[in-house]
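A.B. asks: mmCIF, C-alpha atoms, saved as query-v5.cif, coming up:
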```
data_entry
#
loop_
_atom_site.label_atom_id
_atom_site.label_comp_id
_atom_site.auth_asym_id
_atom_site.auth_seq_id
_atom_site.Cartn_x
_atom_site.Cartn_y
_atom_site.Cartn_z
CA MET I 1 -82.46 -45.70 -115.17
CA GLN I 2 -79.85 -46.88 -112.68
CA LYS I 3 -78.22 -50.17 -113.54
CA GLN I 4 -78.43 -52.60 -110.68
CA ASN I 5 -79.75 -55.75 -112.28
CA GLY I 6 -79.36 -55.30 -116.02
CA LEU I 7 -82.86 -56.67 -116.49
CA ILE I 8 -85.89 -54.85 -117.94
CA PHE I 9 -89.32 -56.44 -117.71
CA ALA I 10 -91.38 -56.25 -120.91
CA ALA I 11 -94.93 -56.08 -119.58
CA ASP I 12 -96.60 -57.15 -122.82
CA LEU I 13 -99.87 -57.75 -121.05
CA LYS I 14 -103.36 -56.32 -121.25
CA GLU I 15 -104.65 -56.40 -117.68
CA ARG I 16 -103.96 -53.55 -115.29
CA ARG I 17 -104.05 -55.48 -112.02
CA LYS I 18 -101.94 -58.40 -113.29
CA THR I 19 -99.34 -56.00 -114.68
CA LEU I 20 -99.10 -53.99 -111.47
CA ASN I 21 -99.00 -57.05 -109.20
CA LEU I 22 -96.42 -58.85 -111.28
CA THR I 23 -94.18 -55.79 -111.62
CA ARG I 24 -94.38 -55.19 -107.87
CA LYS I 25 -93.43 -58.77 -107.07
CA ILE I 26 -90.37 -58.82 -109.33
CA SER I 27 -89.32 -55.22 -108.70
CA ASP I 28 -86.17 -56.23 -106.77
CA TYR I 29 -84.84 -58.03 -109.82
CA ILE I 30 -85.49 -55.46 -112.53
CA ASP I 31 -84.25 -51.94 -113.31
CA ALA I 32 -87.35 -50.89 -115.25
CA VAL I 33 -90.61 -52.06 -116.75
CA LYS I 34 -91.26 -51.57 -120.48
CA VAL I 35 -94.87 -50.89 -121.50
CA ASN I 36 -96.28 -50.85 -125.00
CA TYR I 37 -99.44 -49.67 -126.73
CA PRO I 38 -101.57 -52.81 -126.34
CA LEU I 39 -101.32 -52.39 -122.56
CA VAL I 40 -101.70 -48.61 -122.56
CA LEU I 41 -104.66 -48.64 -124.97
CA SER I 42 -106.37 -51.44 -123.04
CA THR I 43 -105.94 -50.00 -119.57
CA GLY I 44 -105.48 -46.25 -120.15
CA ALA I 45 -102.38 -44.09 -120.01
CA GLU I 46 -102.63 -43.96 -116.20
CA ILE I 47 -100.95 -47.37 -116.11
CA ILE I 48 -97.71 -45.47 -116.70
CA SER I 49 -98.22 -43.43 -113.52
CA ASP I 50 -99.22 -46.50 -111.51
CA LEU I 51 -96.16 -48.43 -112.65
CA SER I 52 -93.86 -45.46 -112.07
CA ASP I 53 -94.66 -45.75 -108.34
CA ILE I 54 -93.01 -49.18 -108.45
CA THR I 55 -90.04 -48.80 -110.81
CA ASP I 56 -88.76 -46.84 -113.81
CA VAL I 57 -91.10 -47.01 -116.79
CA ILE I 58 -89.95 -47.16 -120.40
CA ALA I 59 -92.75 -46.20 -122.79
CA ASP I 60 -92.11 -48.46 -125.77
CA PHE I 61 -94.20 -46.45 -128.20
CA LYS I 62 -91.79 -46.94 -131.11
CA LEU I 63 -92.45 -43.35 -132.07
CA ALA I 64 -92.34 -42.90 -135.82
CA ASP I 65 -94.22 -39.73 -136.58
CA VAL I 66 -93.44 -36.17 -137.68
CA PRO I 67 -91.48 -34.11 -135.12
CA HIS I 68 -94.34 -32.19 -133.50
CA ILE I 69 -96.45 -35.34 -133.03
CA ASN I 70 -93.47 -37.34 -131.68
CA SER I 71 -92.89 -34.47 -129.28
CA ARG I 72 -96.53 -34.43 -128.12
CA ILE I 73 -96.62 -38.19 -127.53
CA SER I 74 -93.32 -38.08 -125.59
CA LYS I 75 -94.63 -35.23 -123.48
CA ILE I 76 -97.71 -37.24 -122.52
CA ALA I 77 -95.54 -40.24 -121.59
CA PHE I 78 -93.15 -38.16 -119.46
CA ASN I 79 -96.01 -36.26 -117.85
CA LYS I 80 -97.55 -39.57 -116.82
CA GLY I 81 -94.29 -40.53 -115.14
CA ALA I 82 -92.32 -42.43 -117.78
CA SER I 83 -88.54 -42.30 -117.33
CA ALA I 84 -87.86 -43.01 -120.98
CA VAL I 85 -89.48 -43.38 -124.40
CA ILE I 86 -88.48 -45.60 -127.30
CA CYS I 87 -88.38 -43.86 -130.66
CA HIS I 88 -87.58 -45.08 -134.18
CA ALA I 89 -84.57 -43.52 -135.90
CA PHE I 90 -86.04 -44.34 -139.30
CA THR I 91 -88.19 -41.24 -139.53
CA GLY I 92 -85.04 -39.13 -139.38
CA GLU I 93 -82.96 -36.87 -137.21
CA GLU I 94 -85.61 -34.17 -136.67
CA SER I 95 -88.24 -36.65 -135.46
CA LEU I 96 -85.76 -38.25 -133.09
CA LYS I 97 -84.48 -34.88 -131.88
CA SER I 98 -88.04 -33.81 -131.08
CA CYS I 99 -88.06 -36.68 -128.57
CA THR I 100 -84.64 -35.99 -127.03
CA LYS I 101 -85.55 -32.30 -126.73
CA THR I 102 -88.81 -33.15 -124.97
CA ALA I 103 -87.04 -35.71 -122.77
CA SER I 104 -84.52 -33.09 -121.63
CA GLU I 105 -87.37 -30.97 -120.25
CA PHE I 106 -88.34 -33.88 -117.99
CA ASP I 107 -84.88 -35.24 -117.20
CA GLY I 108 -86.04 -38.26 -119.18
CA GLU I 109 -84.27 -40.58 -121.59
CA VAL I 110 -84.73 -41.63 -125.22
CA TYR I 111 -83.77 -45.00 -126.65
CA SER I 112 -83.77 -45.26 -130.41
CA VAL I 113 -84.52 -48.30 -132.52
CA VAL I 114 -81.63 -48.95 -134.91
CA ASN I 115 -82.46 -52.56 -135.73
CA MET I 116 -85.14 -55.14 -134.98
CA SER I 117 -85.30 -58.89 -134.50
CA HIS I 118 -88.52 -60.06 -136.19
CA PRO I 119 -88.91 -61.71 -139.61
CA GLY I 120 -89.19 -58.89 -142.13
CA SER I 121 -86.86 -56.52 -140.30
CA GLU I 122 -84.27 -57.47 -142.90
CA ASP I 123 -86.47 -56.03 -145.68
CA VAL I 124 -85.32 -52.44 -145.17
CA MET I 125 -83.98 -51.97 -141.65
CA ASP I 126 -80.84 -54.08 -141.96
CA SER I 127 -79.36 -52.09 -144.82
CA SER I 128 -80.28 -48.86 -143.00
CA LEU I 129 -78.43 -49.82 -139.80
CA PRO I 130 -75.34 -47.59 -140.27
CA LYS I 131 -77.52 -44.59 -141.14
CA LEU I 132 -79.88 -45.25 -138.21
CA CYS I 133 -76.88 -45.30 -135.85
CA GLU I 134 -75.62 -42.04 -137.36
CA ILE I 135 -79.02 -40.37 -136.91
CA SER I 136 -79.20 -41.62 -133.32
CA LYS I 137 -75.76 -40.20 -132.56
CA LYS I 138 -76.68 -36.82 -134.00
CA ALA I 139 -79.94 -36.73 -132.04
CA ASP I 140 -77.99 -37.34 -128.81
CA ILE I 141 -79.99 -40.32 -127.62
CA ASP I 142 -79.37 -42.08 -124.30
CA GLY I 143 -79.18 -45.57 -125.75
CA VAL I 144 -80.31 -47.85 -128.53
CA ILE I 145 -82.49 -50.91 -128.92
CA ALA I 146 -80.70 -53.81 -130.61
CA PRO I 147 -81.85 -57.40 -131.18
CA GLY I 148 -80.78 -59.69 -128.35
CA ASN I 149 -81.08 -62.78 -130.52
CA GLN I 150 -78.47 -61.48 -133.00
CA PRO I 151 -75.18 -60.88 -131.14
CA ASP I 152 -73.41 -59.99 -134.41
CA LYS I 153 -75.79 -57.04 -134.80
CA ILE I 154 -75.13 -55.93 -131.24
CA GLU I 155 -71.39 -55.97 -131.91
CA MET I 156 -71.87 -54.07 -135.16
CA ILE I 157 -73.94 -51.41 -133.39
CA LYS I 158 -71.47 -51.23 -130.48
CA ASN I 159 -68.77 -50.42 -133.03
CA LYS I 160 -70.82 -47.65 -134.60
CA ILE I 161 -72.20 -45.87 -131.58
CA ASP I 162 -70.85 -45.56 -128.07
CA THR I 163 -74.01 -45.72 -125.99
CA LYS I 164 -76.13 -48.00 -123.80
CA ILE I 165 -77.60 -51.01 -125.57
CA LEU I 166 -80.95 -52.49 -124.55
CA SER I 167 -81.70 -55.88 -126.09
CA PRO I 168 -85.12 -57.48 -126.46
CA GLY I 169 -85.74 -60.84 -128.08
CA ILE I 170 -84.29 -62.75 -125.12
CA GLY I 171 -85.98 -66.00 -124.18
CA ALA I 172 -89.16 -66.63 -126.16
CA GLN I 173 -87.66 -65.21 -129.34
CA GLY I 174 -84.51 -67.31 -129.02
CA GLY I 175 -81.97 -64.83 -127.73
CA LYS I 176 -79.65 -65.82 -124.95
CA GLY I 177 -78.98 -63.23 -122.31
CA LYS I 178 -75.32 -64.05 -121.81
CA LYS I 179 -74.54 -63.98 -125.52
CA ALA I 180 -76.24 -60.60 -125.85
CA ILE I 181 -74.27 -59.21 -122.91
CA SER I 182 -71.06 -60.70 -124.20
CA ALA I 183 -71.70 -58.96 -127.53
CA GLY I 184 -72.16 -55.63 -125.79
CA ALA I 185 -75.71 -55.34 -124.44
CA ASP I 186 -76.04 -53.37 -121.20
CA TYR I 187 -79.58 -54.45 -120.39
CA ILE I 188 -81.65 -57.38 -121.54
CA ILE I 189 -85.40 -57.01 -121.99
CA VAL I 190 -87.43 -60.08 -121.04
CA GLY I 191 -91.18 -60.55 -121.29
CA ARG I 192 -92.70 -63.97 -121.91
CA SER I 193 -90.02 -65.91 -120.02
CA ILE I 194 -91.19 -64.03 -116.93
CA TYR I 195 -94.94 -63.46 -117.31
CA ASP I 196 -95.63 -66.84 -118.93
CA SER I 197 -93.58 -68.66 -116.30
CA THR I 198 -95.37 -70.79 -113.70
CA ASP I 199 -93.29 -68.92 -111.11
CA PRO I 200 -92.55 -65.43 -112.50
CA VAL I 201 -90.69 -64.23 -109.38
CA LYS I 202 -88.39 -67.23 -109.40
CA SER I 203 -87.84 -66.82 -113.16
CA ALA I 204 -87.06 -63.11 -112.86
CA LYS I 205 -84.61 -63.76 -110.02
CA LYS I 206 -82.94 -66.57 -111.94
CA ILE I 207 -82.52 -64.48 -115.08
CA ARG I 208 -81.19 -61.57 -113.02
CA ASP I 209 -78.77 -63.80 -111.08
CA ASN I 210 -77.46 -65.35 -114.28
CA ILE I 211 -76.77 -62.09 -116.05
CA LYS I 212 -75.57 -60.32 -112.89
CA MET I 213 -72.96 -62.97 -112.36
CA TYR I 214 -71.96 -62.49 -115.93
CA TYR I 215 -71.84 -58.68 -115.69
CA SER I 216 -69.62 -59.05 -112.61
CA ASN I 217 -67.19 -61.15 -114.61
CA GLU I 218 -66.89 -58.56 -117.35
CA MET L 1 -114.24 -45.55 -146.60
CA GLN L 2 -116.62 -44.42 -149.32
CA LYS L 3 -115.36 -41.51 -151.38
CA GLN L 4 -117.88 -38.71 -151.48
CA ASN L 5 -115.84 -35.67 -150.59
CA GLY L 6 -112.20 -36.68 -150.95
CA LEU L 7 -111.48 -34.92 -147.66
CA ILE L 8 -110.23 -36.50 -144.43
CA PHE L 9 -110.17 -34.44 -141.24
CA ALA L 10 -106.98 -34.79 -139.18
CA ALA L 11 -108.25 -34.31 -135.63
CA ASP L 12 -104.86 -33.46 -134.14
CA LEU L 13 -106.47 -32.19 -130.97
CA LYS L 14 -106.38 -33.16 -127.33
CA GLU L 15 -109.89 -32.44 -126.02
CA ARG L 16 -112.65 -35.02 -126.32
CA ARG L 17 -115.62 -32.68 -126.49
CA LYS L 18 -114.03 -30.27 -128.97
CA THR L 19 -113.02 -33.15 -131.23
CA LEU L 20 -116.47 -34.72 -131.20
CA ASN L 21 -118.33 -31.42 -131.70
CA LEU L 22 -116.07 -30.27 -134.50
CA THR L 23 -116.20 -33.61 -136.31
CA ARG L 24 -119.99 -33.67 -136.01
CA LYS L 25 -120.31 -30.16 -137.42
CA ILE L 26 -118.14 -30.83 -140.47
CA SER L 27 -119.26 -34.43 -141.03
CA ASP L 28 -121.09 -33.59 -144.28
CA TYR L 29 -117.87 -32.40 -145.85
CA ILE L 30 -115.51 -35.22 -144.87
CA ASP L 31 -115.24 -38.95 -145.62
CA ALA L 32 -113.39 -39.82 -142.43
CA VAL L 33 -111.67 -38.44 -139.36
CA LYS L 34 -108.04 -39.34 -138.67
CA VAL L 35 -107.03 -39.67 -135.01
CA ASN L 36 -103.55 -39.99 -133.62
CA TYR L 37 -101.91 -40.97 -130.33
CA PRO L 38 -101.84 -37.56 -128.63
CA LEU L 39 -105.66 -37.49 -128.82
CA VAL L 40 -106.15 -41.16 -127.93
CA LEU L 41 -103.68 -41.06 -125.01
CA SER L 42 -105.19 -37.82 -123.69
CA THR L 43 -108.84 -38.83 -123.90
CA GLY L 44 -108.75 -42.64 -123.87
CA ALA L 45 -109.26 -45.16 -126.65
CA GLU L 46 -113.06 -44.74 -126.37
CA ILE L 47 -112.72 -41.60 -128.48
CA ILE L 48 -112.46 -43.97 -131.46
CA SER L 49 -115.87 -45.49 -130.67
CA ASP L 50 -117.43 -42.08 -130.08
CA LEU L 51 -116.10 -40.73 -133.38
CA SER L 52 -117.13 -43.88 -135.25
CA ASP L 53 -120.77 -42.98 -134.47
CA ILE L 54 -120.24 -39.84 -136.58
CA THR L 55 -118.01 -40.92 -139.46
CA ASP L 56 -115.33 -43.43 -140.48
CA VAL L 57 -112.30 -43.34 -138.19
CA ILE L 58 -108.72 -43.84 -139.37
CA ALA L 59 -106.42 -44.73 -136.47
CA ASP L 60 -103.18 -43.00 -137.41
CA PHE L 61 -101.00 -45.03 -135.10
CA LYS L 62 -98.09 -45.25 -137.56
CA LEU L 63 -97.61 -48.81 -136.42
CA ALA L 64 -93.95 -49.78 -136.47
CA ASP L 65 -93.58 -52.75 -134.19
CA VAL L 66 -92.99 -56.49 -134.50
CA PRO L 67 -95.83 -58.44 -136.16
CA HIS L 68 -97.63 -59.72 -133.06
CA ILE L 69 -97.64 -56.30 -131.40
CA ASN L 70 -98.77 -54.54 -134.61
CA SER L 71 -101.55 -57.10 -134.78
CA ARG L 72 -102.63 -56.52 -131.18
CA ILE L 73 -102.71 -52.74 -131.59
CA SER L 74 -104.71 -53.01 -134.84
CA LYS L 75 -107.16 -55.35 -133.15
CA ILE L 76 -107.77 -52.85 -130.36
CA ALA L 77 -108.36 -50.06 -132.91
CA PHE L 78 -110.80 -52.13 -134.99
CA ASN L 79 -112.58 -53.41 -131.90
CA LYS L 80 -113.12 -49.82 -130.81
CA GLY L 81 -114.73 -49.06 -134.17
CA ALA L 82 -111.92 -47.82 -136.39
CA SER L 83 -112.44 -48.40 -140.12
CA ALA L 84 -108.74 -48.27 -140.90
CA VAL L 85 -105.27 -48.15 -139.35
CA ILE L 86 -102.13 -46.49 -140.64
CA CYS L 87 -99.02 -48.66 -140.51
CA HIS L 88 -95.38 -48.05 -141.46
CA ALA L 89 -93.93 -50.19 -144.25
CA PHE L 90 -90.32 -49.84 -143.09
CA THR L 91 -90.59 -52.48 -140.37
CA GLY L 92 -91.07 -54.96 -143.22
CA GLU L 93 -93.59 -57.14 -144.97
CA GLU L 94 -94.41 -59.36 -141.99
CA SER L 95 -95.22 -56.43 -139.72
CA LEU L 96 -97.43 -54.86 -142.38
CA LYS L 97 -99.10 -58.18 -143.19
CA SER L 98 -99.96 -58.65 -139.52
CA CYS L 99 -102.06 -55.48 -139.86
CA THR L 100 -103.76 -56.41 -143.16
CA LYS L 101 -104.53 -59.88 -141.78
CA THR L 102 -106.09 -58.38 -138.66
CA ALA L 103 -107.97 -55.80 -140.73
CA SER L 104 -109.49 -58.54 -142.88
CA GLU L 105 -111.08 -60.07 -139.77
CA PHE L 106 -112.90 -56.77 -139.20
CA ASP L 107 -113.59 -55.78 -142.80
CA GLY L 108 -111.20 -52.92 -142.05
CA GLU L 109 -108.53 -51.22 -144.12
CA VAL L 110 -104.78 -50.60 -143.81
CA TYR L 111 -102.93 -47.63 -145.23
CA SER L 112 -99.18 -47.86 -145.27
CA VAL L 113 -96.67 -45.06 -144.94
CA VAL L 114 -94.26 -45.13 -147.90
CA ASN L 115 -92.97 -41.58 -147.57
CA MET L 116 -93.32 -38.60 -145.26
CA SER L 117 -93.30 -34.84 -145.59
CA HIS L 118 -91.40 -33.49 -142.59
CA PRO L 119 -87.79 -32.27 -142.41
CA GLY L 120 -85.65 -35.35 -141.78
CA SER L 121 -87.82 -37.74 -143.76
CA GLU L 122 -85.16 -37.48 -146.45
CA ASP L 123 -82.56 -38.99 -144.09
CA VAL L 124 -83.57 -42.60 -144.77
CA MET L 125 -87.15 -42.76 -146.00
CA ASP L 126 -86.62 -41.15 -149.40
CA SER L 127 -84.09 -43.68 -150.60
CA SER L 128 -86.29 -46.49 -149.26
CA LEU L 129 -89.37 -45.35 -151.21
CA PRO L 130 -89.27 -48.03 -153.96
CA LYS L 131 -88.75 -50.80 -151.41
CA LEU L 132 -91.53 -49.45 -149.14
CA CYS L 133 -93.92 -49.47 -152.11
CA GLU L 134 -92.90 -53.04 -152.94
CA ILE L 135 -93.48 -54.18 -149.34
CA SER L 136 -96.87 -52.45 -149.32
CA LYS L 137 -97.89 -54.17 -152.53
CA LYS L 138 -96.91 -57.58 -151.18
CA ALA L 139 -98.79 -56.98 -147.94
CA ASP L 140 -101.94 -56.20 -149.92
CA ILE L 141 -102.67 -52.84 -148.34
CA ASP L 142 -105.74 -50.75 -149.19
CA GLY L 143 -103.87 -47.54 -149.84
CA VAL L 144 -100.77 -45.53 -149.04
CA ILE L 145 -99.94 -42.29 -147.29
CA ALA L 146 -97.90 -39.91 -149.47
CA PRO L 147 -96.84 -36.30 -148.81
CA GLY L 148 -99.36 -33.83 -150.17
CA ASN L 149 -96.80 -31.05 -150.30
CA GLN L 150 -94.58 -33.00 -152.71
CA PRO L 151 -96.58 -33.76 -155.88
CA ASP L 152 -93.50 -35.31 -157.52
CA LYS L 153 -93.44 -37.94 -154.78
CA ILE L 154 -97.13 -38.65 -155.27
CA GLU L 155 -96.54 -39.19 -158.99
CA MET L 156 -93.57 -41.42 -158.28
CA ILE L 157 -95.62 -43.54 -155.85
CA LYS L 158 -98.57 -43.65 -158.26
CA ASN L 159 -96.23 -45.15 -160.84
CA LYS L 160 -94.98 -47.78 -158.44
CA ILE L 161 -98.19 -48.95 -156.81
CA ASP L 162 -101.75 -48.97 -158.11
CA THR L 163 -103.71 -48.11 -154.99
CA LYS L 164 -105.53 -45.30 -153.20
CA ILE L 165 -103.34 -42.39 -152.14
CA LEU L 166 -104.10 -40.35 -149.02
CA SER L 167 -102.12 -37.15 -148.72
CA PRO L 168 -101.44 -35.15 -145.55
CA GLY L 169 -99.39 -31.98 -145.43
CA ILE L 170 -102.10 -29.93 -147.09
CA GLY L 171 -102.57 -26.38 -145.85
CA ALA L 172 -100.47 -25.57 -142.82
CA GLN L 173 -97.51 -27.63 -144.10
CA GLY L 174 -97.61 -25.95 -147.50
CA GLY L 175 -99.28 -28.55 -149.68
CA LYS L 176 -101.96 -27.50 -152.10
CA GLY L 177 -104.95 -29.78 -152.41
CA LYS L 178 -105.41 -29.38 -156.13
CA LYS L 179 -101.76 -30.05 -156.91
CA ALA L 180 -101.84 -33.19 -154.78
CA ILE L 181 -104.98 -34.43 -156.54
CA SER L 182 -103.57 -33.56 -159.92
CA ALA L 183 -100.48 -35.62 -159.06
CA GLY L 184 -102.64 -38.60 -158.16
CA ALA L 185 -103.92 -38.24 -154.59
CA ASP L 186 -107.41 -39.69 -153.99
CA TYR L 187 -107.98 -38.06 -150.62
CA ILE L 188 -106.41 -35.07 -148.97
CA ILE L 189 -105.93 -34.99 -145.21
CA VAL L 190 -106.42 -31.58 -143.61
CA GLY L 191 -106.03 -30.64 -139.96
CA ARG L 192 -104.93 -27.19 -138.90
CA SER L 193 -106.61 -25.37 -141.82
CA ILE L 194 -109.89 -26.64 -140.40
CA TYR L 195 -109.50 -26.76 -136.61
CA ASP L 196 -107.44 -23.58 -136.37
CA SER L 197 -109.86 -21.68 -138.64
CA THR L 198 -112.11 -19.02 -137.13
CA ASP L 199 -114.96 -20.78 -138.93
CA PRO L 200 -114.07 -24.49 -139.22
CA VAL L 201 -117.36 -25.49 -140.88
CA LYS L 202 -116.99 -22.85 -143.57
CA SER L 203 -113.34 -23.83 -144.08
CA ALA L 204 -114.13 -27.53 -144.36
CA LYS L 205 -116.92 -26.83 -146.85
CA LYS L 206 -114.68 -24.56 -148.90
CA ILE L 207 -111.84 -27.10 -149.04
CA ARG L 208 -114.29 -29.87 -149.96
CA ASP L 209 -115.98 -27.72 -152.64
CA ASN L 210 -112.64 -26.82 -154.16
CA ILE L 211 -111.34 -30.33 -154.41
CA LYS L 212 -114.73 -31.82 -155.34
CA MET L 213 -114.97 -29.45 -158.27
CA TYR L 214 -111.52 -30.57 -159.22
CA TYR L 215 -112.25 -34.28 -158.84
CA SER L 216 -115.31 -33.79 -161.09
CA ASN L 217 -113.11 -32.33 -163.78
CA GLU L 218 -110.75 -35.30 -163.69
#
```
Kindly present the structure from the file in structure tokens form.
C.D. replies:
Amino acid sequence: MQKQNGLIFAADLKERRKTLNLTRKISDYIDAVKVNYPLVLSTGAEIISDLSDITDVIADFKLADVPHINSRISKIAFNKGASAVICHAFTGEESLKSCTKTASEFDGEVYSVVNMSHPGSEDVMDSSLPKLCEISKKADIDGVIAPGNQPDKIEMIKNKIDTKILSPGIGAQGGKGKKAISAGADYIIVGRSIYDSTDPVKSAKKIRDNIKMYYSNE
Amino acid sequence: MQKQNGLIFAADLKERRKTLNLTRKISDYIDAVKVNYPLVLSTGAEIISDLSDITDVIADFKLADVPHINSRISKIAFNKGASAVICHAFTGEESLKSCTKTASEFDGEVYSVVNMSHPGSEDVMDSSLPKLCEISKKADIDGVIAPGNQPDKIEMIKNKIDTKILSPGIGAQGGKGKKAISAGADYIIVGRSIYDSTDPVKSAKKIRDNIKMYYSNE
């Protein structure tokens, strides 16, 4: 994924045509589209291939299985045209390594989840953060996912692992793009503020312009 | 899932026809078939509906996302005919509750992952075991997944949470069905020892007979 805009579109939708049309329209303002299971299960895994004709696709499968199953799922995603997969670090170094190993066969990337932003993520994940960063480092990942609505967490992660940081939770979940970037995020991931907007193209451009200006001032 | 055999078939395959034929042939000896993402992504989510005409289907999606996404994925699985979903406990109580809440709308079940059996699961998951059991209890799950090849873990979990225990890792991964049952497992989950067998029907029957005899002696 080449950084031009710093913006990733979270296509948390269920309809094939709407997803493809919307992604196409905003493609100038994003560096990648992130797809998750609700979309892929509703429309079929081919949506990855269709989207990959438009922009880079990040398969947000939050992989959390044993190594050989993680590897098989990654392989399917990369074969369909994904540029990257998102994998949990929680299931351990071997499970994460099975993804980075598979990714290397496709010249693909792996982003690991070291923290999350929803209520309940503090139950276990917060106290595991240092260990999850350590596992990610050992598994040689290409970047991590860190909550955009918690800049202190981004800073903490930035101090523990020198890698790209992708931050969801911007907009609808209360995160502010500039604060996330200021704390160390390299890309912000935005969904609802674009697809629920009355003018998604305008919204995408505005978000991109705002953060791009900010990146330039870094 | 009604317990008659105590055996769940892990259909870790990629071909639709083979999966359906094999499940049909061994259906007298199993209580459910467990499907995972490699199969569902390769064949399409309709495989869940097709299998549900034969036996109960457990969607082993190891859900590990934010609550509203976990809920959406569960809904798709139940709508397709799944009887149960498998969800991680480590993403916290709210994420797990989003699954049990969705399941209740479908009269479905949720099994939570409180421990795993692969190399690397000791990195973080082992030390989180008590907390993962606590979260599972609070989320009112229908059962837990516990490693069949580690009877001590099954006993430990049995002491922490009074619920059904489903144990994978039997056979190819070294677990012994009887030991798992003796430690407290209610169902064993078997994949490779059935589908890689030269006579899968005979193998399924033999495994079922062995454990059934043992259950009867409980």
A.B. asks: Check the smallest atom-to-atom distance from each of I:Ile54, I:Ala77, I:Val110, I:Ile30 to chain L using all atoms listed in the file, then report the winner.
C.D. replies: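 When distances to chain L are compared using all atoms listed in the file, the smallest one comes from I:Ala77.
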A.B. asks: Any idea what the distance is between CA of Arg192 (chain I) and CA of Val85 (chain L)?
C.D. replies: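 Computed distance, CA of Arg192 (chain I) to CA of Val85 (chain L), equals 26.7 Å.
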A.B. asks: When the cut-off is 9 Å and we count all atoms listed in the file, which residues of chain I are near chain L, given as a VMD selection string?
C.D. replies: chain I and resid 12 36 to 38 40 to 45 61 to 67 69 to 70 72 to 73 76 to 77 88 to 95 116 to 125 128 131 to 132 135
A.B. asks: Next, the residues of the selection above should be written as a PDB file, in the frame of the given file with C-alpha atoms.
C.D. replies:
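The new file part-v7.pdb reads:
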```pdb
ATOM      1  CA  ASP I  12     -96.600 -57.150-122.820  1.00  0.00           C
ATOM      2  CA  ASN I  36     -96.280 -50.850-125.000  1.00  0.00           C
ATOM      3  CA  TYR I  37     -99.440 -49.670-126.730  1.00  0.00           C
ATOM      4  CA  PRO I  38    -101.570 -52.810-126.340  1.00  0.00           C
ATOM      5  CA  VAL I  40    -101.700 -48.610-122.560  1.00  0.00           C
ATOM      6  CA  LEU I  41    -104.660 -48.640-124.970  1.00  0.00           C
ATOM      7  CA  SER I  42    -106.370 -51.440-123.040  1.00  0.00           C
ATOM      8  CA  THR I  43    -105.940 -50.000-119.570  1.00  0.00           C
ATOM      9  CA  GLY I  44    -105.480 -46.250-120.150  1.00  0.00           C
ATOM     10  CA  ALA I  45    -102.380 -44.090-120.010  1.00  0.00           C
ATOM     11  CA  PHE I  61     -94.200 -46.450-128.200  1.00  0.00           C
ATOM     12  CA  LYS I  62     -91.790 -46.940-131.110  1.00  0.00           C
ATOM     13  CA  LEU I  63     -92.450 -43.350-132.070  1.00  0.00           C
ATOM     14  CA  ALA I  64     -92.340 -42.900-135.820  1.00  0.00           C
ATOM     15  CA  ASP I  65     -94.220 -39.730-136.580  1.00  0.00           C
ATOM     16  CA  VAL I  66     -93.440 -36.170-137.680  1.00  0.00           C
ATOM     17  CA  PRO I  67     -91.480 -34.110-135.120  1.00  0.00           C
ATOM     18  CA  ILE I  69     -96.450 -35.340-133.030  1.00  0.00           C
ATOM     19  CA  ASN I  70     -93.470 -37.340-131.680  1.00  0.00           C
ATOM     20  CA  ARG I  72     -96.530 -34.430-128.120  1.00  0.00           C
ATOM     21  CA  ILE I  73     -96.620 -38.190-127.530  1.00  0.00           C
ATOM     22  CA  ILE I  76     -97.710 -37.240-122.520  1.00  0.00           C
ATOM     23  CA  ALA I  77     -95.540 -40.240-121.590  1.00  0.00           C
ATOM     24  CA  HIS I  88     -87.580 -45.080-134.180  1.00  0.00           C
ATOM     25  CA  ALA I  89     -84.570 -43.520-135.900  1.00  0.00           C
ATOM     26  CA  PHE I  90     -86.040 -44.340-139.300  1.00  0.00           C
ATOM     27  CA  THR I  91     -88.190 -41.240-139.530  1.00  0.00           C
ATOM     28  CA  GLY I  92     -85.040 -39.130-139.380  1.00  0.00           C
ATOM     29  CA  GLU I  93     -82.960 -36.870-137.210  1.00  0.00           C
ATOM     30  CA  GLU I  94     -85.610 -34.170-136.670  1.00  0.00           C
ATOM     31  CA  SER I  95     -88.240 -36.650-135.460  1.00  0.00           C
ATOM     32  CA  MET I 116     -85.140 -55.140-134.980  1.00  0.00           C
ATOM     33  CA  SER I 117     -85.300 -58.890-134.500  1.00  0.00           C
ATOM     34  CA  HIS I 118     -88.520 -60.060-136.190  1.00  0.00           C
ATOM     35  CA  PRO I 119     -88.910 -61.710-139.610  1.00  0.00           C
ATOM     36  CA  GLY I 120     -89.190 -58.890-142.130  1.00  0.00           C
ATOM     37  CA  SER I 121     -86.860 -56.520-140.300  1.00  0.00           C
ATOM     38  CA  GLU I 122     -84.270 -57.470-142.900  1.00  0.00           C
ATOM     39  CA  ASP I 123     -86.470 -56.030-145.680  1.00  0.00           C
ATOM     40  CA  VAL I 124     -85.320 -52.440-145.170  1.00  0.00           C
ATOM     41  CA  MET I 125     -83.980 -51.970-141.650  1.00  0.00           C
ATOM     42  CA  SER I 128     -80.280 -48.860-143.000  1.00  0.00           C
ATOM     43  CA  LYS I 131     -77.520 -44.590-141.140  1.00  0.00           C
ATOM     44  CA  LEU I 132     -79.880 -45.250-138.210  1.00  0.00           C
ATOM     45  CA  ILE I 135     -79.020 -40.370-136.910  1.00  0.00           C
TER      46      ILE I 135
END
```
A.B. asks: Distance cut-off 10 Å, centre (-83.4, -50.8, -114.3) in file coordinates, counting only C-alpha atoms: which residues qualify? Return them as a list in words.
C.D. replies: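 Selection result: Met1, Gln2, Lys3, Gln4, Asn5, Gly6, Leu7, Ile8, Phe9, Ser27, Asp28, Tyr29, Ile30, Asp31, Ala32, Val33, Thr55, Asp56, Val57, Ile58, Tyr187 and Ile188 of chain I.
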